[in-house]
Every structure is written in C-alpha cells, then in structure tokens.
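Visitor: Pasting data.cif below, which is mmCIF, C-alpha atoms.
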```cif
data_data
loop_
_atom_site.group_PDB
_atom_site.id
_atom_site.type_symbol
_atom_site.label_atom_id
_atom_site.label_comp_id
_atom_site.auth_asym_id
_atom_site.auth_seq_id
_atom_site.Cartn_x
_atom_site.Cartn_y
_atom_site.Cartn_z
ATOM 1 C CA ALA A 1 -8.083 -11.128 -9.767
ATOM 2 C CA ILE A 2 -8.555 -14.433 -8.025
ATOM 3 C CA LEU A 3 -5.298 -15.913 -6.751
ATOM 4 C CA PHE A 4 -6.647 -19.161 -5.287
ATOM 5 C CA LYS A 5 -10.028 -20.906 -5.196
ATOM 6 C CA ASN A 6 -9.137 -23.258 -2.346
ATOM 7 C CA TYR A 7 -6.314 -21.676 -0.356
ATOM 8 C CA GLY A 8 -4.046 -23.992 1.606
ATOM 9 C CA ASN A 9 -6.000 -26.796 3.219
ATOM 10 C CA ALA A 10 -9.165 -24.723 3.451
ATOM 11 C CA ARG A 11 -12.032 -25.512 1.138
ATOM 12 C CA ASN A 12 -14.248 -22.769 -0.199
ATOM 13 C CA ILE A 13 -11.693 -20.075 0.655
ATOM 14 C CA THR A 14 -11.108 -17.733 -2.265
ATOM 15 C CA ILE A 15 -8.117 -15.387 -2.131
ATOM 16 C CA TYR A 16 -8.434 -12.216 -4.191
ATOM 17 C CA ASP A 17 -5.398 -10.120 -5.132
ATOM 18 C CA TYR A 18 -5.577 -6.778 -3.327
ATOM 19 C CA GLY A 19 -1.847 -6.096 -3.497
ATOM 20 C CA ALA A 20 0.379 -5.410 -0.514
ATOM 21 C CA CYS A 21 -1.271 -4.780 2.831
ATOM 22 C CA THR A 22 0.836 -1.760 3.737
ATOM 23 C CA VAL A 23 3.492 0.463 2.218
ATOM 24 C CA PRO A 24 6.227 -1.084 4.440
ATOM 25 C CA GLN A 25 5.253 -4.555 3.247
ATOM 26 C CA LEU A 26 5.396 -3.382 -0.360
ATOM 27 C CA LEU A 27 8.723 -1.513 -0.076
ATOM 28 C CA LEU A 28 10.556 -3.636 2.486
ATOM 29 C CA GLY A 29 8.933 -7.030 2.011
ATOM 30 C CA LEU A 30 7.560 -7.174 5.560
ATOM 31 C CA ASP A 31 5.593 -5.243 8.123
ATOM 32 C CA ASP A 32 5.799 -6.791 11.584
ATOM 33 C CA ARG A 33 2.949 -4.567 12.753
ATOM 34 C CA LEU A 34 0.468 -6.613 10.707
ATOM 35 C CA ASP A 35 0.547 -9.325 13.395
ATOM 36 C CA ASP A 36 -0.615 -6.798 16.013
ATOM 37 C CA PRO A 37 -4.407 -7.113 16.321
ATOM 38 C CA GLY A 38 -4.720 -3.398 17.126
ATOM 39 C CA TYR A 39 -2.657 -2.158 14.191
ATOM 40 C CA ALA A 40 -4.488 0.311 11.934
ATOM 41 C CA THR A 41 -7.567 0.248 14.113
ATOM 42 C CA PRO A 42 -7.433 3.688 15.730
ATOM 43 C CA THR A 43 -9.350 4.927 18.717
ATOM 44 C CA SER A 44 -11.629 7.874 18.121
ATOM 45 C CA SER A 45 -8.969 10.243 19.508
ATOM 46 C CA GLN A 46 -6.456 9.028 16.893
ATOM 47 C CA VAL A 47 -8.659 9.669 13.861
ATOM 48 C CA LEU A 48 -7.849 12.924 12.107
ATOM 49 C CA SER A 49 -10.824 15.204 11.942
ATOM 50 C CA VAL A 50 -11.775 16.953 8.744
ATOM 51 C CA LYS A 51 -12.145 20.722 9.018
ATOM 52 C CA GLU A 52 -15.571 22.057 8.202
ATOM 53 C CA GLY A 53 -15.833 22.778 4.480
ATOM 54 C CA ASP A 54 -12.821 20.607 3.666
ATOM 55 C CA ASP A 55 -12.938 17.104 2.271
ATOM 56 C CA ASP A 56 -9.505 15.594 2.698
ATOM 57 C CA THR A 57 -6.960 14.812 5.395
ATOM 58 C CA ASN A 58 -3.466 13.415 5.570
ATOM 59 C CA SER A 59 -4.647 10.265 7.289
ATOM 60 C CA ASN A 60 -3.027 6.964 6.487
ATOM 61 C CA ALA A 61 -5.578 5.069 8.559
ATOM 62 C CA THR A 62 -7.389 2.304 6.761
ATOM 63 C CA ASN A 63 -10.728 3.071 8.317
ATOM 64 C CA SER A 64 -13.843 5.098 8.002
ATOM 65 C CA SER A 65 -15.849 6.586 10.800
ATOM 66 C CA SER A 66 -19.588 6.620 10.809
ATOM 67 C CA SER A 67 -21.812 9.191 12.476
ATOM 68 C CA SER A 68 -21.994 6.843 15.479
ATOM 69 C CA GLY A 69 -18.218 7.116 15.928
ATOM 70 C CA SER A 70 -17.525 3.469 15.147
ATOM 71 C CA HIS A 71 -14.577 2.579 12.961
ATOM 72 C CA LYS A 72 -14.172 -0.118 10.358
ATOM 73 C CA ASN A 73 -10.853 -1.187 8.965
ATOM 74 C CA PHE A 74 -10.944 -1.541 5.192
ATOM 75 C CA ASN A 75 -7.472 -3.037 4.777
ATOM 76 C CA PRO A 76 -8.092 -6.520 3.317
ATOM 77 C CA CYS A 77 -5.284 -7.951 5.438
ATOM 78 C CA ARG A 78 -7.143 -6.886 8.566
ATOM 79 C CA GLN A 79 -10.457 -8.251 7.283
ATOM 80 C CA ASP A 80 -9.244 -11.573 5.881
ATOM 81 C CA PRO A 81 -6.758 -13.657 7.898
ATOM 82 C CA TYR A 82 -6.156 -15.930 4.887
ATOM 83 C CA TYR A 83 -5.123 -12.967 2.755
ATOM 84 C CA LEU A 84 -2.859 -11.696 5.549
ATOM 85 C CA GLN A 85 -1.200 -15.128 5.747
ATOM 86 C CA TYR A 86 -0.806 -15.253 1.973
ATOM 87 C CA THR A 87 0.768 -11.781 1.653
ATOM 88 C CA GLN A 88 3.179 -12.322 4.532
ATOM 89 C CA LYS A 89 4.413 -15.549 2.946
ATOM 90 C CA TYR A 90 4.489 -14.049 -0.571
ATOM 91 C CA TYR A 91 6.533 -10.972 0.353
ATOM 92 C CA SER A 92 8.863 -12.817 2.747
ATOM 93 C CA GLU A 93 9.932 -15.173 -0.052
ATOM 94 C CA ARG A 94 10.787 -12.436 -2.548
ATOM 95 C CA ASN A 95 13.586 -9.944 -2.777
ATOM 96 C CA THR A 96 11.579 -6.759 -2.969
ATOM 97 C CA SER A 97 13.218 -4.018 -5.001
ATOM 98 C CA TRP A 98 11.802 -1.157 -7.003
ATOM 99 C CA ASP A 99 13.241 1.156 -9.646
ATOM 100 C CA PHE A 100 10.746 3.936 -8.945
ATOM 101 C CA LEU A 101 8.497 5.038 -6.110
ATOM 102 C CA ILE A 102 5.705 7.334 -7.264
ATOM 103 C CA ILE A 103 4.312 9.540 -4.492
ATOM 104 C CA ASN A 104 1.183 11.593 -5.020
ATOM 105 C CA ASP A 105 -0.404 13.975 -2.554
ATOM 106 C CA ASN A 106 -3.888 15.427 -2.866
ATOM 107 C CA THR A 107 -3.654 18.348 -5.289
ATOM 108 C CA ARG A 108 -4.476 20.999 -2.694
ATOM 109 C CA ASN A 109 -2.203 19.658 0.071
ATOM 110 C CA PRO A 110 1.139 20.932 -1.269
ATOM 111 C CA ALA A 111 -0.496 24.299 -2.003
ATOM 112 C CA ARG A 112 -1.708 24.855 1.569
ATOM 113 C CA ALA A 113 0.815 25.506 4.316
ATOM 114 C CA ASP A 114 -0.995 23.545 7.049
ATOM 115 C CA HIS A 115 -1.601 20.480 4.877
ATOM 116 C CA ARG A 116 1.916 20.708 3.420
ATOM 117 C CA ALA A 117 3.359 20.672 6.942
ATOM 118 C CA LEU A 118 1.424 17.473 7.728
ATOM 119 C CA SER A 119 2.640 15.875 4.501
ATOM 120 C CA LEU A 120 6.244 16.815 5.300
ATOM 121 C CA GLN A 121 5.889 15.326 8.793
ATOM 122 C CA PHE A 122 4.473 12.128 7.310
ATOM 123 C CA LEU A 123 7.255 11.872 4.715
ATOM 124 C CA GLU A 124 9.868 12.339 7.413
ATOM 125 C CA ALA A 125 8.286 9.954 9.908
ATOM 126 C CA GLN A 126 7.172 7.192 7.533
ATOM 127 C CA TYR A 127 8.717 7.195 4.064
ATOM 128 C CA ILE A 128 12.232 8.499 4.731
ATOM 129 C CA PRO A 129 13.082 5.792 7.319
ATOM 130 C CA MET A 130 11.910 3.104 4.887
ATOM 131 C CA LEU A 131 13.864 4.609 1.993
ATOM 132 C CA LEU A 132 17.001 4.848 4.140
ATOM 133 C CA GLN A 133 16.523 1.239 5.212
ATOM 134 C CA LEU A 134 16.675 0.198 1.543
ATOM 135 C CA GLN A 135 20.213 1.700 1.346
ATOM 136 C CA SER A 136 21.747 0.859 -2.035
ATOM 137 C CA ASN A 137 18.411 -0.360 -3.424
ATOM 138 C CA THR A 138 16.649 2.964 -2.885
ATOM 139 C CA PRO A 139 14.198 3.519 -5.730
ATOM 140 C CA GLN A 140 14.121 6.784 -7.644
ATOM 141 C CA VAL A 141 11.397 8.845 -5.960
ATOM 142 C CA VAL A 142 9.052 10.646 -8.332
ATOM 143 C CA PHE A 143 6.499 13.111 -6.997
ATOM 144 C CA LEU A 144 3.409 13.121 -9.155
ATOM 145 C CA TRP A 145 2.362 16.748 -9.351
ATOM 146 C CA THR A 146 -1.283 16.938 -10.291
ATOM 147 C CA HIS A 147 -2.564 20.057 -11.990
ATOM 148 C CA ALA A 148 -4.540 22.889 -10.415
ATOM 149 C CA TYR A 149 -8.250 22.855 -11.111
ATOM 150 C CA ARG A 150 -11.606 24.497 -10.571
ATOM 151 C CA PRO A 151 -13.793 22.073 -8.612
ATOM 152 C CA SER A 152 -17.019 20.815 -10.108
ATOM 153 C CA ILE A 153 -18.415 20.197 -6.616
ATOM 154 C CA PRO A 154 -18.475 22.653 -3.699
ATOM 155 C CA ARG A 155 -15.306 22.520 -1.623
ATOM 156 C CA SER A 156 -13.039 24.906 0.208
ATOM 157 C CA MET A 157 -10.700 26.599 -2.255
ATOM 158 C CA LYS A 158 -9.772 29.578 -0.075
ATOM 159 C CA GLY A 159 -6.551 31.065 -1.444
ATOM 160 C CA LEU A 160 -6.586 28.741 -4.460
ATOM 161 C CA GLU A 161 -9.278 30.371 -6.578
ATOM 162 C CA ASP A 162 -6.770 31.655 -9.143
ATOM 163 C CA ILE A 163 -5.388 28.765 -11.255
ATOM 164 C CA GLY A 164 -2.007 30.465 -11.737
ATOM 165 C CA ASN A 165 -1.564 31.011 -8.001
ATOM 166 C CA PHE A 166 -2.833 27.489 -7.232
ATOM 167 C CA THR A 167 -0.282 26.050 -9.678
ATOM 168 C CA SER A 168 2.538 28.127 -8.224
ATOM 169 C CA LEU A 169 1.710 27.141 -4.640
ATOM 170 C CA THR A 170 1.424 23.461 -5.587
ATOM 171 C CA GLY A 171 4.834 23.594 -7.273
ATOM 172 C CA ALA A 172 6.383 25.233 -4.215
ATOM 173 C CA GLY A 173 4.887 22.511 -2.031
ATOM 174 C CA VAL A 174 6.191 19.671 -4.177
ATOM 175 C CA ARG A 175 9.642 21.287 -4.207
ATOM 176 C CA SER A 176 9.538 21.393 -0.394
ATOM 177 C CA TYR A 177 8.914 17.625 -0.420
ATOM 178 C CA GLN A 178 11.910 17.188 -2.734
ATOM 179 C CA HIS A 179 14.132 19.364 -0.520
ATOM 180 C CA LEU A 180 13.219 17.298 2.527
ATOM 181 C CA LEU A 181 14.302 14.101 0.778
ATOM 182 C CA GLU A 182 17.494 15.794 -0.446
ATOM 183 C CA ASN A 183 18.349 16.618 3.189
ATOM 184 C CA TYR A 184 18.560 12.863 3.740
ATOM 185 C CA GLY A 185 20.543 12.185 0.573
ATOM 186 C CA ILE A 186 17.548 10.857 -1.357
ATOM 187 C CA SER A 187 17.104 12.282 -4.843
ATOM 188 C CA SER A 188 13.698 12.805 -6.366
ATOM 189 C CA TYR A 189 11.961 14.214 -9.381
#
```
Translate the structure of the given file into structure tokens.
Guide:
Amino acid sequence: AILFKNYGNARNITIYDYGACTVPQLLLGLDDRLDDPGYATPTSSQVLSVKEGDDDTNSNATNSSSSSGSHKNFNPCRQDPYYLQYTQKYYSERNTSWDFLIINDNTRNPARADHRALSLQFLEAQYIPMLLQLQSNTPQVVFLWTHAYRPSIPRSMKGLEDIGNFTSLTGAGVRSYQHLLENYGISSY
C-alpha cells in the first residue's frame, strides 16, 4: 500500500507501507538501534552458516549473502531513510499495545534439539526481555505449531522421516518454548 506520494517536503518521494522495521519497534513502539548505521548489517563472521543439506537457520539478520560474501540488508528501514523517519515518528506517537503475539518457528526447528536450543536462546535473549518490559500490557503469547510434513523438495529430514515421530518431537519443542516463558511468569498457548 502507498502511504504517501510526496512525503514531507520532498517531491517524488513515495512511501510504501512495509510495517514495522523491527520486532522491538512493533512491540515497544521504538527501537533505538535503528539510528545506528551498522545495525542489522553483520560482518561475515556474524552471519549464521547453513549446515550442508539443511535450508534454514535461526538468523534474525535482515540480509542475504551472495557467493562473493557480500551482504545486503533487506529491511526497508535500512534501505529507505524516508521510511525509517516515517516509522519512527508513527510508532513514537502511538501507544503500542497488543492482545496477542503469535510466534512461529520453522516446522523442523522445535523437533530438532540443536535448532530448538538456538530458538530457546533467541526467545530468552530477545523476546522475553521485551515481553517483561511491557509489564501489565503483556500480550497473550500464542505459539503457532505447524504440522509435520513430507517435503516435496529434497531437504534434510534425518530423524523426522516418520510423521508421527516428527509431530511428537515438534510438540515437545513447542512445549519447551512455553515452559521457558512460564519460568518468567509469561503465559502462552
């Protein structure tokens, strides 16, 4: 959606609605890190590598790496200074509150111990501090548990070939996410 055809005093500047720039901006109404020119532009040593035969990571980076090793940030707030200015003003003027926070992990992540551990670390380091900061306005957290599947494209399914076992492991992983939140007094479904 187009928000503005001529934003501010600038002519020929079109602002498209991409939503919030970051999860903190969406949940808390601000993210001071957005003013840092190096934010969300990782060095090559900070980019999570994908294991051979796997096709997903627990990266929250807003970038892609090419075969040359260069990185491009796809966050519209990093690409468009007008959009960054607009979102910072928009969210700073509103009392941000949410009834629900839906969290979804890649289907295989909760089912695999190593990926589950990374997801738990991320929840504890990123989401829990934000949820605790909201205090009395903490939204009801809902974990979206996607169903087990047989892939239509080749990918690593080691240990997840049986749908029943895959489903059971995914459920155990999602429950571990819920238990982590419960340890901090945050209820979830």
Visitor: What is the distance, in Å and to one decimal place, between CA of Arg33 (chain A) and CA of Tyr90 (chain A)?
Guide: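 Distance reported for this atom pair: 16.4 Å.
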Visitor: Could you check how far CA of Gln140 (chain A) sits from CA of Thr87 (chain A), in Å to one decimal?
Guide: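 Computed distance, CA of Gln140 (chain A) to CA of Thr87 (chain A), equals 24.7 Å.
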Visitor: Considering only C-alpha atoms, give me a table of residues in region 108-145 of chain A that are at most 9 Å from region 152-162 of chain A, with the closest atom pair and distance in Å for each, as a tab-separated table.
Guide:
```
residue	atom	partner	partner_atom	distance
A:Arg108	CA	A:Leu160	CA	8.2
A:Ala111	CA	A:Leu160	CA	7.9
A:Arg112	CA	A:Gly159	CA	8.4
```
Visitor: Of the candidates A:Gln121, A:Gln85, A:Gln133, A:Thr138, which shows the shortest atom-to-atom distance to Asp99 (chain A), using all atoms listed in the file?
Guide: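 Closest to Asp99 (chain A) of all the choices is A:Thr138.
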Visitor: Could you check which residues have any atom within 12 Å of (-0.1, 22.9, -2.9), counting only C-alpha atoms with coordinates taken straight from the file, and then list them as a PyMOL selection string?
Guide: chain A and resi 104-117+119+145-149+157+159-160+163-177
Visitor: Which is closest to Ser187 (chain A) among A:Leu101, A:Ile15, A:Met130, A:Ala1, if we use only C-alpha atoms?
Guide: A:Leu101
Visitor: Please identify all polymer residues within 9 Å of Asp17 (chain A), counting all atoms listed in the file, omitting same-chain residues fewer than 4 positions from it, and present them as a list in words.
Guide: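 Once the adjacent positions are removed, what remains is Ala1, Ile2, Leu3 and Tyr83 of chain A.
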Visitor: Store the residues picked out above in a file with C-alpha atoms, as a compact mmCIF listing (two decimals), keeping the file's coordinate frame.
Guide:
```txt
# COMPACT_ATOMS: atom_id res chain seq x y z
CA ALA A 1 -8.08 -11.13 -9.77
CA ILE A 2 -8.56 -14.43 -8.02
CA LEU A 3 -5.30 -15.91 -6.75
CA TYR A 83 -5.12 -12.97 2.76
```
Visitor: Using only C-alpha atoms, which residue out of A:Leu132, A:Val141, A:Leu28, A:Cys77 lies closest to Glu93 (chain A)?
Guide: A:Leu28
Visitor: I'd like the neighbourhood of Ser136 (chain A) as a list in words, where a residue qualifies if any of its atoms comes within 12 Å (using all atoms listed in the file), though same-chain residues fewer than 5 positions away should be ignored.
Guide: Ser97, Trp98, Asp99, Leu131, Gly185 and Ile186 of chain A
Visitor: For Val142 (chain A), find every residue with an atom within 8 Å (counting all atoms listed in the file), except residues of its own chain fewer than 3 positions away, and show them as an NGL selection string.
Guide: :A and (100-103 or 188-189)
Visitor: CA of Pro139 (chain A) and CA of Thr96 (chain A) are how many Å apart?
Guide: 11.0 Å
Visitor: Taking only C-alpha atoms into account, which of A:Asp80, A:Thr22, A:Asn12, A:Arg94 comes nearest Leu34 (chain A)?
Guide: A:Thr22
Visitor: Enumerate, as an MDAnalysis selection string, the residues matched when the PyMOL selection byres ((chain A and resi 29) around 8) is run on the file above.
Guide: chainID A and resid 24:28 30:31 91:92 94:96
Visitor: Would you compute, for all listed atoms of region 117-130 of chain A, the axis-aligned bounding box grown by 6 Å on each side, and then report its centre and edge lengths in Å rounded to one decimal, as JSON?
Guide:
```
{"center_x": 7.3, "center_y": 11.9, "center_z": 7.0, "size_x": 23.7, "size_y": 29.6, "size_z": 17.8}
```
Visitor: Find the residues near Pro81 (chain A): any atom within 12 Å, counting all atoms listed in the file, skip ones fewer than 6 places away on the same chain, and give them as a list in words.
Guide: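 Here the qualifying residues turn out to be Tyr7, Ile13, Thr14, Ile15, Cys21, Leu34, Asp35, Pro37, Asn75, Thr87 and Gln88 of chain A.
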Visitor: Print the selection's residues with C-alpha atoms to a file, as a CSV table (one decimal), keeping the file's coordinate frame.
Guide:
```csv
chain,number,residue,atom,x,y,z
A,7,TYR,CA,-6.3,-21.7,-0.4
A,13,ILE,CA,-11.7,-20.1,0.7
A,14,THR,CA,-11.1,-17.7,-2.3
A,15,ILE,CA,-8.1,-15.4,-2.1
A,21,CYS,CA,-1.3,-4.8,2.8
A,34,LEU,CA,0.5,-6.6,10.7
A,35,ASP,CA,0.5,-9.3,13.4
A,37,PRO,CA,-4.4,-7.1,16.3
A,75,ASN,CA,-7.5,-3.0,4.8
A,87,THR,CA,0.8,-11.8,1.7
A,88,GLN,CA,3.2,-12.3,4.5
```
